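**Q** Below you'll find structure.pdb; it's PDB, C-alpha atoms and all ligand atoms.
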```
MODEL        1
ATOM      1  CA  MET E  27      65.234  74.076 164.869
ATOM      2  CA  PHE E  28      67.759  71.398 165.671
ATOM      3  CA  ASN E  29      69.084  70.426 169.044
ATOM      4  CA  ASN E  30      69.530  67.000 167.598
ATOM      5  CA  GLU E  31      72.967  67.210 166.031
ATOM      6  CA  LEU E  32      74.260  64.886 168.723
ATOM      7  CA  LEU E  33      71.568  62.300 168.075
ATOM      8  CA  LEU E  34      72.348  62.419 164.371
ATOM      9  CA  ASN E  35      76.107  62.496 164.968
ATOM     10  CA  VAL E  36      76.594  65.415 162.574
ATOM     11  CA  THR E  37      78.172  68.846 162.987
ATOM     12  CA  PRO E  38      76.129  72.050 163.454
ATOM     13  CA  GLN E  39      77.738  73.269 160.194
ATOM     14  CA  ALA E  40      76.296  70.284 158.309
ATOM     15  CA  VAL E  41      72.828  70.991 159.717
ATOM     16  CA  SER E  42      73.163  74.657 158.810
ATOM     17  CA  LYS E  43      73.915  73.651 155.200
ATOM     18  CA  TRP E  44      70.759  71.474 155.056
ATOM     19  CA  GLU E  45      68.661  74.264 156.574
ATOM     20  CA  ASN E  46      69.969  76.751 154.044
ATOM     21  CA  GLY E  47      69.386  74.393 151.147
ATOM     22  CA  ASN E  48      73.123  74.121 150.360
ATOM     23  CA  SER E  49      73.392  70.386 150.725
ATOM     24  CA  LEU E  50      71.246  67.379 151.530
ATOM     25  CA  PRO E  51      71.620  64.906 154.389
ATOM     26  CA  ASP E  52      73.148  61.511 153.695
ATOM     27  CA  THR E  53      70.380  59.053 152.751
ATOM     28  CA  ALA E  54      71.381  56.793 155.671
ATOM     29  CA  LEU E  55      70.313  59.590 158.030
ATOM     30  CA  LEU E  56      66.863  60.075 156.523
ATOM     31  CA  PRO E  57      64.911  57.588 158.696
ATOM     32  CA  LEU E  58      66.221  59.075 161.955
ATOM     33  CA  LEU E  59      65.942  62.622 160.622
ATOM     34  CA  GLY E  60      62.319  62.024 159.581
ATOM     35  CA  LYS E  61      61.579  60.667 163.030
ATOM     36  CA  LEU E  62      63.153  63.646 164.773
ATOM     37  CA  LEU E  63      61.274  66.120 162.579
ATOM     38  CA  GLY E  64      58.036  64.141 162.724
ATOM     39  CA  VAL E  65      57.724  63.873 158.925
ATOM     40  CA  SER E  66      57.861  60.976 156.484
ATOM     41  CA  ILE E  67      60.968  60.240 154.397
ATOM     42  CA  ASP E  68      58.810  60.926 151.376
ATOM     43  CA  ARG E  69      58.107  64.452 152.607
ATOM     44  CA  LEU E  70      61.760  64.964 153.439
ATOM     45  CA  LEU E  71      62.678  64.093 149.870
ATOM     46  CA  THR E  72      59.887  65.911 148.062
ATOM     47  CA  GLY E  73      59.221  68.887 150.339
ATOM     48  CA  ASN E  74      60.245  72.166 148.699
ATOM     49  CA  ASN E  75      63.317  73.155 150.707
ATOM     50  CA  LEU E  76      61.477  71.779 153.745
ATOM     51  CA  LEU E  77      64.307  72.316 156.198
ATOM     52  CA  ALA E  78      64.650  75.962 155.292
ATOM     53  CA  MET E  79      60.947  76.727 154.988
ATOM     54  CA  GLU E  80      60.026  75.398 158.398
ATOM     55  CA  GLN E  81      62.548  77.556 160.182
ATOM     56  CA  VAL E  82      61.117  79.910 162.727
ATOM     57  CA  SER E  83      62.498  83.320 163.524
ATOM     58  CA  PRO E  84      64.454  83.733 166.768
ATOM     59  CA  TYR E  85      62.225  86.752 167.382
ATOM     60  CA  ASP E  86      58.904  84.868 167.257
ATOM     61  CA  LYS E  87      58.485  84.795 171.035
ATOM     62  CA  GLU E  88      59.168  88.509 171.368
ATOM     63  CA  TYR E  89      56.874  89.416 168.471
ATOM     64  CA  GLU E  90      54.061  87.399 170.050
ATOM     65  CA  LYS E  91      53.955  89.888 172.904
ATOM     66  CA  GLU E  92      51.633  92.845 172.682
ATOM     67  CA  GLU E  93      54.286  95.553 172.835
ATOM     68  CA  TYR E  94      56.475  96.253 169.830
ATOM     69  CA  TYR E  95      59.920  94.771 170.456
ATOM     70  CA  TRP E  96      61.725  97.208 168.123
ATOM     71  CA  GLY E  97      59.320 100.043 168.876
ATOM     72  CA  LEU E  98      57.340 102.080 166.375
ATOM     73  CA  GLN E  99      59.981 104.719 165.717
ATOM     74  CA  HIS E 100      61.528 104.305 162.274
ATOM     75  CA  SER E 101      65.297 104.018 161.930
ATOM     76  CA  VAL E 102      67.747 106.753 160.968
ATOM     77  CA  LEU E 103      68.749 104.727 157.897
ATOM     78  CA  ALA E 104      65.130 104.674 156.664
ATOM     79  CA  GLU E 105      65.006 108.443 157.028
ATOM     80  CA  GLN E 106      68.240 108.840 155.062
ATOM     81  CA  VAL E 107      66.858 106.659 152.274
ATOM     82  CA  VAL E 108      63.726 108.765 151.947
ATOM     83  CA  ARG E 109      65.780 111.973 151.957
ATOM     84  CA  ILE E 110      68.119 110.715 149.241
ATOM     85  CA  MET E 111      65.268 109.426 147.102
ATOM     86  CA  GLN E 112      63.496 112.777 147.262
ATOM     87  CA  GLY E 113      65.811 113.850 144.474
ATOM     88  CA  ASP E 114      64.475 111.052 142.284
ATOM     89  CA  SER E 115      61.822 112.168 139.817
ATOM     90  CA  ARG E 116      59.766 108.951 139.820
ATOM     91  CA  LEU E 117      56.312 109.506 141.223
ATOM     92  CA  GLU E 118      55.810 105.941 142.359
ATOM     93  CA  LYS E 119      58.696 104.287 144.172
ATOM     94  CA  ARG E 120      58.852 100.631 145.094
ATOM     95  CA  ILE E 121      60.900  99.316 147.997
ATOM     96  CA  LEU E 122      61.799  95.838 149.207
ATOM     97  CA  ASP E 123      62.361  95.760 152.991
ATOM     98  CA  ILE E 124      64.168  92.511 153.820
ATOM     99  CA  GLY E 125      63.577  91.200 157.350
ATOM    100  CA  SER E 126      61.091  93.933 158.204
ATOM    101  CA  GLY E 127      60.385  92.652 161.711
ATOM    102  CA  GLU E 128      57.254  94.300 163.087
ATOM    103  CA  GLY E 129      57.208  96.869 160.285
ATOM    104  CA  ARG E 130      58.489 100.109 161.846
ATOM    105  CA  ASP E 131      60.470 101.079 158.724
ATOM    106  CA  ALA E 132      58.046  99.495 156.260
ATOM    107  CA  ILE E 133      55.225 101.695 157.597
ATOM    108  CA  PHE E 134      57.471 104.751 157.506
ATOM    109  CA  PHE E 135      58.152 104.106 153.812
ATOM    110  CA  ALA E 136      54.467 103.505 153.119
ATOM    111  CA  LYS E 137      53.603 106.803 154.812
ATOM    112  CA  GLY E 138      56.021 108.413 152.360
ATOM    113  CA  ASP E 139      53.964 106.967 149.483
ATOM    114  CA  TYR E 140      56.296 104.104 148.674
ATOM    115  CA  ILE E 141      54.888 100.832 147.435
ATOM    116  CA  VAL E 142      56.311  98.562 150.117
ATOM    117  CA  ASP E 143      57.095  94.861 149.861
ATOM    118  CA  ALA E 144      57.920  93.677 153.388
ATOM    119  CA  LEU E 145      59.742  90.331 153.444
ATOM    120  CA  GLU E 146      59.700  88.636 156.835
ATOM    121  CA  LEU E 147      60.119  85.085 158.115
ATOM    122  CA  SER E 148      58.333  85.482 161.430
ATOM    123  CA  LYS E 149      54.587  84.830 161.425
ATOM    124  CA  PRO E 150      54.036  86.805 164.658
ATOM    125  CA  GLY E 151      56.139  89.595 163.109
ATOM    126  CA  ILE E 152      53.834  89.624 160.106
ATOM    127  CA  GLU E 153      50.783  89.823 162.358
ATOM    128  CA  LYS E 154      52.366  92.868 163.983
ATOM    129  CA  ILE E 155      52.987  94.490 160.575
ATOM    130  CA  LYS E 156      49.355  93.872 159.610
ATOM    131  CA  HIS E 157      48.138  95.331 162.881
ATOM    132  CA  TYR E 158      50.334  98.416 162.624
ATOM    133  CA  SER E 159      49.488  99.014 158.972
ATOM    134  CA  HIS E 160      45.793  98.721 159.791
ATOM    135  CA  LEU E 161      46.167 101.282 162.602
ATOM    136  CA  THR E 162      47.984 103.737 160.364
ATOM    137  CA  GLY E 163      45.868 103.115 157.267
ATOM    138  CA  CYS E 164      48.962 102.145 155.279
ATOM    139  CA  ASN E 165      49.076  99.433 152.699
ATOM    140  CA  ILE E 166      51.965  96.949 152.893
ATOM    141  CA  ASN E 167      52.512  93.982 150.588
ATOM    142  CA  ILE E 168      53.600  91.247 152.923
ATOM    143  CA  ILE E 169      55.925  88.534 151.680
ATOM    144  CA  HIS E 170      56.105  85.700 154.171
ATOM    145  CA  ALA E 171      59.340  84.084 153.077
ATOM    146  CA  ASN E 172      62.839  83.075 153.983
ATOM    147  CA  MET E 173      65.292  85.592 152.570
ATOM    148  CA  ILE E 174      67.667  82.705 151.908
ATOM    149  CA  GLY E 175      66.855  81.610 148.414
ATOM    150  CA  TYR E 176      63.841  83.918 147.990
ATOM    151  CA  ASP E 177      63.406  84.590 144.272
ATOM    152  CA  ILE E 178      62.909  88.310 143.791
ATOM    153  CA  ILE E 179      60.385  88.962 141.054
ATOM    154  CA  GLU E 180      59.926  92.734 140.973
ATOM    155  CA  PHE E 181      62.279  95.570 140.112
ATOM    156  CA  TYR E 182      62.797  98.071 142.877
ATOM    157  CA  ASP E 183      63.783 101.670 143.379
ATOM    158  CA  VAL E 184      65.161 100.705 146.784
ATOM    159  CA  VAL E 185      66.318  97.384 148.234
ATOM    160  CA  TYR E 186      66.629  97.884 151.970
ATOM    161  CA  SER E 187      67.521  95.943 155.080
ATOM    162  CA  MET E 188      67.944  97.058 158.652
ATOM    163  CA  GLY E 189      69.894  94.643 160.831
ATOM    164  CA  SER E 190      68.700  91.471 159.166
ATOM    165  CA  LEU E 191      71.268  90.312 156.599
ATOM    166  CA  GLN E 192      73.366  88.576 159.267
ATOM    167  CA  PHE E 193      70.988  85.668 158.613
ATOM    168  CA  LEU E 194      72.587  85.182 155.187
ATOM    169  CA  PRO E 195      75.366  82.607 155.566
ATOM    170  CA  PRO E 196      78.698  84.130 154.441
ATOM    171  CA  GLU E 197      79.182  81.736 151.525
ATOM    172  CA  GLN E 198      75.792  82.726 150.087
ATOM    173  CA  ARG E 199      76.083  86.468 150.476
ATOM    174  CA  ARG E 200      77.569  87.413 147.137
ATOM    175  CA  LYS E 201      74.796  85.746 145.158
ATOM    176  CA  HIS E 202      72.148  87.449 147.305
ATOM    177  CA  PHE E 203      73.732  90.894 146.995
ATOM    178  CA  ASP E 204      74.069  90.326 143.232
ATOM    179  CA  LYS E 205      70.355  89.539 143.153
ATOM    180  CA  TYR E 206      69.479  92.700 145.085
ATOM    181  CA  LYS E 207      71.555  94.733 142.632
ATOM    182  CA  GLN E 208      70.083  93.054 139.557
ATOM    183  CA  HIS E 209      66.579  93.835 140.797
ATOM    184  CA  THR E 210      67.283  97.520 141.356
ATOM    185  CA  ARG E 211      66.456  99.844 138.470
ATOM    186  CA  THR E 212      69.061 102.277 137.188
ATOM    187  CA  GLY E 213      69.088 105.316 139.455
ATOM    188  CA  GLY E 214      67.743 103.253 142.367
ATOM    189  CA  ILE E 215      69.589 102.556 145.596
ATOM    190  CA  ASN E 216      70.385  99.744 148.011
ATOM    191  CA  ALA E 217      70.681 100.532 151.716
ATOM    192  CA  HIS E 218      71.747  98.030 154.336
ATOM    193  CA  LEU E 219      72.894  98.041 157.917
ATOM    194  CA  VAL E 220      74.840  94.970 159.033
ATOM    195  CA  PHE E 221      76.635  93.930 162.199
ATOM    196  CA  VAL E 222      80.420  93.713 161.947
ATOM    197  CA  GLU E 223      82.986  91.810 163.908
ATOM    198  CA  LYS E 224      85.282  93.818 166.173
ATOM    199  CA  PRO E 225      87.704  92.346 168.710
ATOM    200  CA  PHE E 226      86.629  94.904 171.322
ATOM    201  CA  ILE E 227      82.871  94.235 171.016
ATOM    202  CA  GLU E 228      81.453  91.142 172.657
ATOM    203  CA  VAL E 229      78.991  88.976 170.763
ATOM    204  CA  ALA E 230      75.437  90.130 171.621
ATOM    205  CA  PRO E 231      73.721  88.081 174.360
ATOM    206  CA  ASP E 232      70.828  87.127 172.053
ATOM    207  CA  TRP E 233      73.014  86.265 169.021
ATOM    208  CA  GLN E 234      71.816  83.052 167.385
ATOM    209  CA  ARG E 235      73.524  80.076 165.849
ATOM    210  CA  ASN E 236      72.370  81.070 162.352
ATOM    211  CA  GLU E 237      73.563  84.686 162.577
ATOM    212  CA  TYR E 238      76.957  85.560 161.086
ATOM    213  CA  LEU E 239      78.845  88.799 161.564
ATOM    214  CA  TYR E 240      80.235  90.753 158.613
ATOM    215  CA  THR E 241      83.792  92.032 158.276
ATOM    216  CA  SER E 242      84.665  95.689 157.713
ATOM    217  CA  GLY E 243      84.684  96.345 154.006
ATOM    218  CA  ASP E 244      82.333  93.495 153.035
ATOM    219  CA  LEU E 245      79.486  95.828 152.072
ATOM    220  CA  ALA E 246      81.709  98.213 150.116
ATOM    221  CA  GLY E 247      83.078  95.167 148.287
ATOM    222  CA  TYR E 248      79.619  93.973 147.224
ATOM    223  CA  TYR E 249      78.859  97.443 145.861
ATOM    224  CA  HIS E 250      82.302  98.267 144.408
ATOM    225  CA  ASP E 251      80.775  98.872 140.972
ATOM    226  CA  TRP E 252      78.004 101.204 142.218
ATOM    227  CA  GLU E 253      78.258 104.777 143.371
ATOM    228  CA  ILE E 254      78.722 104.644 147.131
ATOM    229  CA  ILE E 255      76.772 107.538 148.608
ATOM    230  CA  GLN E 256      77.481 106.692 152.240
ATOM    231  CA  CYS E 257      79.375 103.903 153.944
ATOM    232  CA  GLU E 258      80.152 104.225 157.621
ATOM    233  CA  GLU E 259      80.907 102.166 160.669
ATOM    234  CA  LYS E 260      79.862 103.028 164.173
ATOM    235  CA  ILE E 261      79.235 101.554 167.599
ATOM    236  CA  VAL E 262      75.606 101.547 168.714
ATOM    237  CA  ASP E 263      73.918 100.748 172.011
ATOM    238  CA  CYS E 264      71.271  98.037 172.047
ATOM    239  CA  ASN E 265      68.935  96.703 174.706
ATOM    240  CA  SER E 266      67.565  93.620 172.964
ATOM    241  CA  ALA E 267      66.880  90.708 175.313
ATOM    242  CA  SER E 268      66.680  93.445 178.002
ATOM    243  CA  ILE E 269      70.455  93.274 178.418
ATOM    244  CA  PRO E 270      72.329  96.479 177.568
ATOM    245  CA  HIS E 271      75.107  95.763 175.080
ATOM    246  CA  GLN E 272      76.813  97.233 172.035
ATOM    247  CA  HIS E 273      77.071  96.397 168.356
ATOM    248  CA  ALA E 274      79.566  97.484 165.752
ATOM    249  CA  VAL E 275      77.576  98.247 162.626
ATOM    250  CA  ASN E 276      78.363  99.121 159.062
ATOM    251  CA  TYR E 277      75.765 100.799 156.913
ATOM    252  CA  ILE E 278      75.890 101.529 153.232
ATOM    253  CA  ILE E 279      73.782 103.488 150.794
ATOM    254  CA  ALA E 280      74.815 102.749 147.229
ATOM    255  CA  LYS E 281      73.344 103.875 143.918
ATOM    256  CA  ASN E 282      72.957 101.971 140.697
ATOM    257  CA  HIS E 283      74.411 104.620 138.403
ATOM    258  CA  GLY E 284      73.928 102.397 135.389
ATOM    259  CA  GLY E 285      77.571 102.241 134.370
ATOM    260  CA  SER E 286      80.645 100.389 135.485
ATOM    261  CA  PHE E 287      83.655 101.571 137.448
ATOM    262  CA  SER E 288      85.756  98.550 136.611
TER     263      SER E 288
HETATM  264  C1  LIG W   1      67.164  92.430 164.080
HETATM  265  S1  LIG W   1      65.587  92.132 163.397
HETATM  266  C2  LIG W   1      65.333  93.680 162.518
HETATM  267  C3  LIG W   1      63.879  93.955 162.217
HETATM  268  C4  LIG W   1      63.606  95.235 161.463
HETATM  269  N1  LIG W   1      64.386  95.346 160.239
HETATM  270  C5  LIG W   1      63.800  96.446 162.327
HETATM  271  O1  LIG W   1      64.828  97.136 162.161
HETATM  272  O2  LIG W   1      62.957  96.687 163.172
HETATM  273  C6  LIG W   1      65.917  90.957 162.067
HETATM  274  C7  LIG W   1      64.666  90.447 161.386
HETATM  275  O3  LIG W   1      65.027  89.514 160.368
HETATM  276  C8  LIG W   1      64.046  88.468 160.376
HETATM  277  N2  LIG W   1      64.627  87.249 159.777
HETATM  278  C9  LIG W   1      65.503  86.386 160.348
HETATM  279  N3  LIG W   1      65.827  85.411 159.491
HETATM  280  C10 LIG W   1      65.130  85.649 158.357
HETATM  281  C11 LIG W   1      65.045  84.981 157.114
HETATM  282  N4  LIG W   1      65.764  83.885 156.876
HETATM  283  N5  LIG W   1      64.222  85.487 156.168
HETATM  284  C12 LIG W   1      63.484  86.592 156.411
HETATM  285  N6  LIG W   1      63.538  87.289 157.563
HETATM  286  C13 LIG W   1      64.352  86.832 158.534
HETATM  287  C14 LIG W   1      63.728  88.284 161.843
HETATM  288  O4  LIG W   1      62.513  87.612 162.042
HETATM  289  C15 LIG W   1      63.712  89.734 162.314
HETATM  290  O5  LIG W   1      62.428  90.282 162.197
ENDMDL
END
```
Show me the file's structure as structure tokens.
**A**
Amino acid sequence: MFNNELLLNVTPQAVSKWENGNSLPDTALLPLLGKLLGVSIDRLLTGNNLLAMEQVSPYDKEYEKEEYYWGLQHSVLAEQVVRIMQGDSRLEKRILDIGSGEGRDAIFFAKGDYIVDALELSKPGIEKIKHYSHLTGCNINIIHANMIGYDIIEFYDVVYSMGSLQFLPPEQRRKHFDKYKQHTRTGGINAHLVFVEKPFIEVAPDWQRNEYLYTSGDLAGYYHDWEIIQCEEKIVDCNSASIPHQHAVNYIIAKNHGGSFS
């Protein structure tokens, strides 16, 4: 959103904090900031987390194209989730898919009779989800929201994310993971795949300023008091931005067993 740090004479870190709702700009900056954003000072002060809400997804341009950027094939992690949850006796299962993109996994869950809440920031992404769900006759509850600061209302059998939680700034992660856990019913699971930092893997060519790598062990740490069903790291090939590259990823499937290990 900002290429104006220089004009404002502030650091990218300061801007990132405003965008994420962690701090507010100095009042002396408001006139220039309002001018740069094309909004009044009044709106800057009263808008509900204006800086965060007006963010666009780095994938908007790709999602605007007719073809599906991430394809229509669901992920291996989504398949594992469904397999694990088959052992769960609940007839109706509810899942929150955070950063669902164009909906490949959300539709897969819906086909498996899940009630699916698909949370996505990108408007073109949401249009793609609607289109795909219409084609397949699946019903998806779309939540057009920023995962940063989104207040989860429901209780879920599964809280899921596939390659999207790098958009959570590191200092805000614990509170978000705590929220995901608190909104998972006993016996339910959380499943996430995140990108991890490795000295031998170069940063992806399309990596954005507001994406932050995880460290090995972060996910296991957030779920230390749940039963960890699977937690693995691997290197995967990726062709996003049409440039072949690799990612180191860590995925976890953890179960709310209802007790405490501590
Ligand atoms: C790497 S893509 C993965 C998409 C999808 N999970 C999949 O596997 O096909 C990450 C997704 O997170 C979304 N995203 C980025 N920042 C977000 C935010 N703050 N809130 C909600 N979604 C966000 C992007 O628009 C994008 O669709």
**Q** Choose the residue, out of E:Glu92, E:Asp204, E:Asp177, E:Glu105, that has the smallest atom-to-atom separation from Lys137 of chain E; count only C-alpha atoms.
**A**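 Among the listed residues, the smallest separation from Lys137 of chain E belongs to E:Glu105.
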**Q** Once the PyMOL selection byres (((chain E and resi 83) around 12) and not hetatm) has been evaluated on this model, what residues remain selected, and can you format them as a ChimeraX atom specification?
**A** /E:27,78-82,84-90,125-127,146-152,170-173,190,193,234-237
**Q** Could you save the residues just selected, with C-alpha atoms, as an mmCIF file, in the frame of the given file?
**A**
```cif
data_model
loop_
_atom_site.group_PDB
_atom_site.id
_atom_site.type_symbol
_atom_site.label_atom_id
_atom_site.label_comp_id
_atom_site.auth_asym_id
_atom_site.auth_seq_id
_atom_site.Cartn_x
_atom_site.Cartn_y
_atom_site.Cartn_z
ATOM 1 C CA MET E 27 65.234 74.076 164.869
ATOM 2 C CA ALA E 78 64.650 75.962 155.292
ATOM 3 C CA MET E 79 60.947 76.727 154.988
ATOM 4 C CA GLU E 80 60.026 75.398 158.398
ATOM 5 C CA GLN E 81 62.548 77.556 160.182
ATOM 6 C CA VAL E 82 61.117 79.910 162.727
ATOM 7 C CA PRO E 84 64.454 83.733 166.768
ATOM 8 C CA TYR E 85 62.225 86.752 167.382
ATOM 9 C CA ASP E 86 58.904 84.868 167.257
ATOM 10 C CA LYS E 87 58.485 84.795 171.035
ATOM 11 C CA GLU E 88 59.168 88.509 171.368
ATOM 12 C CA TYR E 89 56.874 89.416 168.471
ATOM 13 C CA GLU E 90 54.061 87.399 170.050
ATOM 14 C CA GLY E 125 63.577 91.200 157.350
ATOM 15 C CA SER E 126 61.091 93.933 158.204
ATOM 16 C CA GLY E 127 60.385 92.652 161.711
ATOM 17 C CA GLU E 146 59.700 88.636 156.835
ATOM 18 C CA LEU E 147 60.119 85.085 158.115
ATOM 19 C CA SER E 148 58.333 85.482 161.430
ATOM 20 C CA LYS E 149 54.587 84.830 161.425
ATOM 21 C CA PRO E 150 54.036 86.805 164.658
ATOM 22 C CA GLY E 151 56.139 89.595 163.109
ATOM 23 C CA ILE E 152 53.834 89.624 160.106
ATOM 24 C CA HIS E 170 56.105 85.700 154.171
ATOM 25 C CA ALA E 171 59.340 84.084 153.077
ATOM 26 C CA ASN E 172 62.839 83.075 153.983
ATOM 27 C CA MET E 173 65.292 85.592 152.570
ATOM 28 C CA SER E 190 68.700 91.471 159.166
ATOM 29 C CA PHE E 193 70.988 85.668 158.613
ATOM 30 C CA GLN E 234 71.816 83.052 167.385
ATOM 31 C CA ARG E 235 73.524 80.076 165.849
ATOM 32 C CA ASN E 236 72.370 81.070 162.352
ATOM 33 C CA GLU E 237 73.563 84.686 162.577
#
```
**Q** E:Cys164, E:Ser266, E:Lys224, E:Leu56: which is nearest ligand LIG 1 (chain W), counting all atoms listed in the file?
**A** E:Ser266
**Q** Evaluate the PyMOL selection byres (((chain E and resi 188) around 12) and not hetatm) against this structure - the residues, as a PyMOL selection string, please.
**A** chain E and resi 96+100-105+107+122-132+144-146+185-187+189-193+216-221+275-279
**Q** Find the residues around Asp139 of chain E up to 8 Å (all atoms listed in the file counted), leave out those fewer than 3 positions away in its own chain, and share them as a PyMOL selection string.
**A** chain E and resi 118-119+135-136
**Q** Using all atoms listed in the file, find the one residue out of E:His157, E:Pro270, E:Tyr206, E:Asp232 that sits nearest to ligand LIG 1 (chain W).
**A**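 For ligand LIG 1 (chain W), the nearest of the candidates is E:Asp232.
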**Q** Please give the centre and size of the box around ligand LIG 1 (chain W) (axis-aligned, containing every atom listed in the file, 6 Å added per side), with values in Å to one decimal and written as JSON.
**A**
```
{"center_x": 64.8, "center_y": 90.5, "center_z": 160.1, "size_x": 16.7, "size_y": 25.3, "size_z": 19.9}
```
**Q** Atom C10 of ligand LIG 1 (chain W) to atom CA of Ala267 of chain E: how many Å, to one decimal?
**A** 17.8 Å
**Q** For this structure, which residues satisfy the selection - the PyMOL selection byres (((chain E and resi 244-256) around 6) and not hetatm) - when it is evaluated on the file as given? I want them as a list in words.
**A**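 For this structure, the PyMOL selection byres (((chain E and resi 244-256) around 6) and not hetatm) resolves to Thr241, Ser242, Gly243, Cys257, Ile278, Ile279, Ala280, Lys281, Asn282, Ser286 and Phe287 of chain E.
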**Q** To one decimal in Å, tell me the separation between atom CA of Gln208 of chain E and atom CA of Ile133 of chain E.
**A**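 About the pair atom CA of Gln208 of chain E and atom CA of Ile133 of chain E: they are 24.9 Å apart.
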**Q** Under the rule that all atoms listed in the file are counted, which of E:Leu98, E:Ile141, E:Leu239, E:Ile215 is the nearest residue to ligand LIG 1 (chain W)?
**A**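 Using all atoms listed in the file, the shortest distance to ligand LIG 1 (chain W) belongs to E:Leu98.
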**Q** What is the distance, in Å and to one decimal place, between atom CA of His273 of chain E and atom O1 of ligand LIG 1 (chain W)?
**A**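 Separation between atom CA of His273 of chain E and atom O1 of ligand LIG 1 (chain W): 13.7 Å.
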**Q** In terms of the shortest atom-to-atom distance over only C-alpha atoms and all ligand atoms, which of E:Gly113, E:Gly138, E:Pro195, E:Pro51 is closest to ligand LIG 1 (chain W)?
**A**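 With only C-alpha atoms and all ligand atoms as the atom set, the closest residue is E:Pro195.
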**Q** E:Glu259, E:Asn167, E:Tyr176, E:Gln112: which is nearest ligand LIG 1 (chain W), counting only C-alpha atoms and all ligand atoms?
**A** E:Tyr176
**Q** Atoms are missing here; could segment 266-281 of chain E be completed with N, CA and C atoms and written as a short mmCIF file (atom, residue, chain, number, x, y, z; two decimals), in the coordinates of the input?
**A**
```cif
data_model
loop_
_atom_site.label_atom_id
_atom_site.label_comp_id
_atom_site.auth_asym_id
_atom_site.auth_seq_id
_atom_site.Cartn_x
_atom_site.Cartn_y
_atom_site.Cartn_z
N SER E 266 68.37 94.80 173.28
CA SER E 266 67.56 93.62 172.96
C SER E 266 67.81 92.56 174.04
N ALA E 267 66.85 91.73 174.26
CA ALA E 267 66.88 90.71 175.31
C ALA E 267 66.96 91.36 176.70
N SER E 268 66.65 92.66 176.75
CA SER E 268 66.68 93.44 178.00
C SER E 268 68.05 93.43 178.67
N ILE E 269 69.09 93.22 177.87
CA ILE E 269 70.46 93.27 178.42
C ILE E 269 71.21 94.36 177.64
N PRO E 270 71.60 95.43 178.30
CA PRO E 270 72.33 96.48 177.57
C PRO E 270 73.65 95.95 177.00
N HIS E 271 73.86 96.19 175.71
CA HIS E 271 75.11 95.76 175.08
C HIS E 271 75.37 96.67 173.87
N GLN E 272 76.47 96.40 173.19
CA GLN E 272 76.81 97.23 172.04
C GLN E 272 77.00 96.38 170.79
N HIS E 273 76.79 97.02 169.65
CA HIS E 273 77.07 96.40 168.36
C HIS E 273 77.99 97.32 167.56
N ALA E 274 78.87 96.71 166.78
CA ALA E 274 79.57 97.48 165.75
C ALA E 274 78.76 97.28 164.48
N VAL E 275 78.39 98.38 163.84
CA VAL E 275 77.58 98.25 162.63
C VAL E 275 78.23 98.98 161.46
N ASN E 276 77.92 98.48 160.30
CA ASN E 276 78.36 99.12 159.06
C ASN E 276 77.11 99.34 158.22
N TYR E 277 76.91 100.60 157.81
CA TYR E 277 75.76 100.80 156.91
C TYR E 277 76.25 101.39 155.60
N ILE E 278 75.51 101.05 154.57
CA ILE E 278 75.89 101.53 153.23
C ILE E 278 74.65 102.01 152.51
N ILE E 279 74.83 103.07 151.74
CA ILE E 279 73.78 103.49 150.79
C ILE E 279 74.50 103.61 149.46
N ALA E 280 74.11 102.78 148.51
CA ALA E 280 74.82 102.75 147.23
C ALA E 280 73.81 102.89 146.09
N LYS E 281 74.26 103.56 145.03
CA LYS E 281 73.34 103.88 143.92
C LYS E 281 73.74 103.15 142.64
#
```
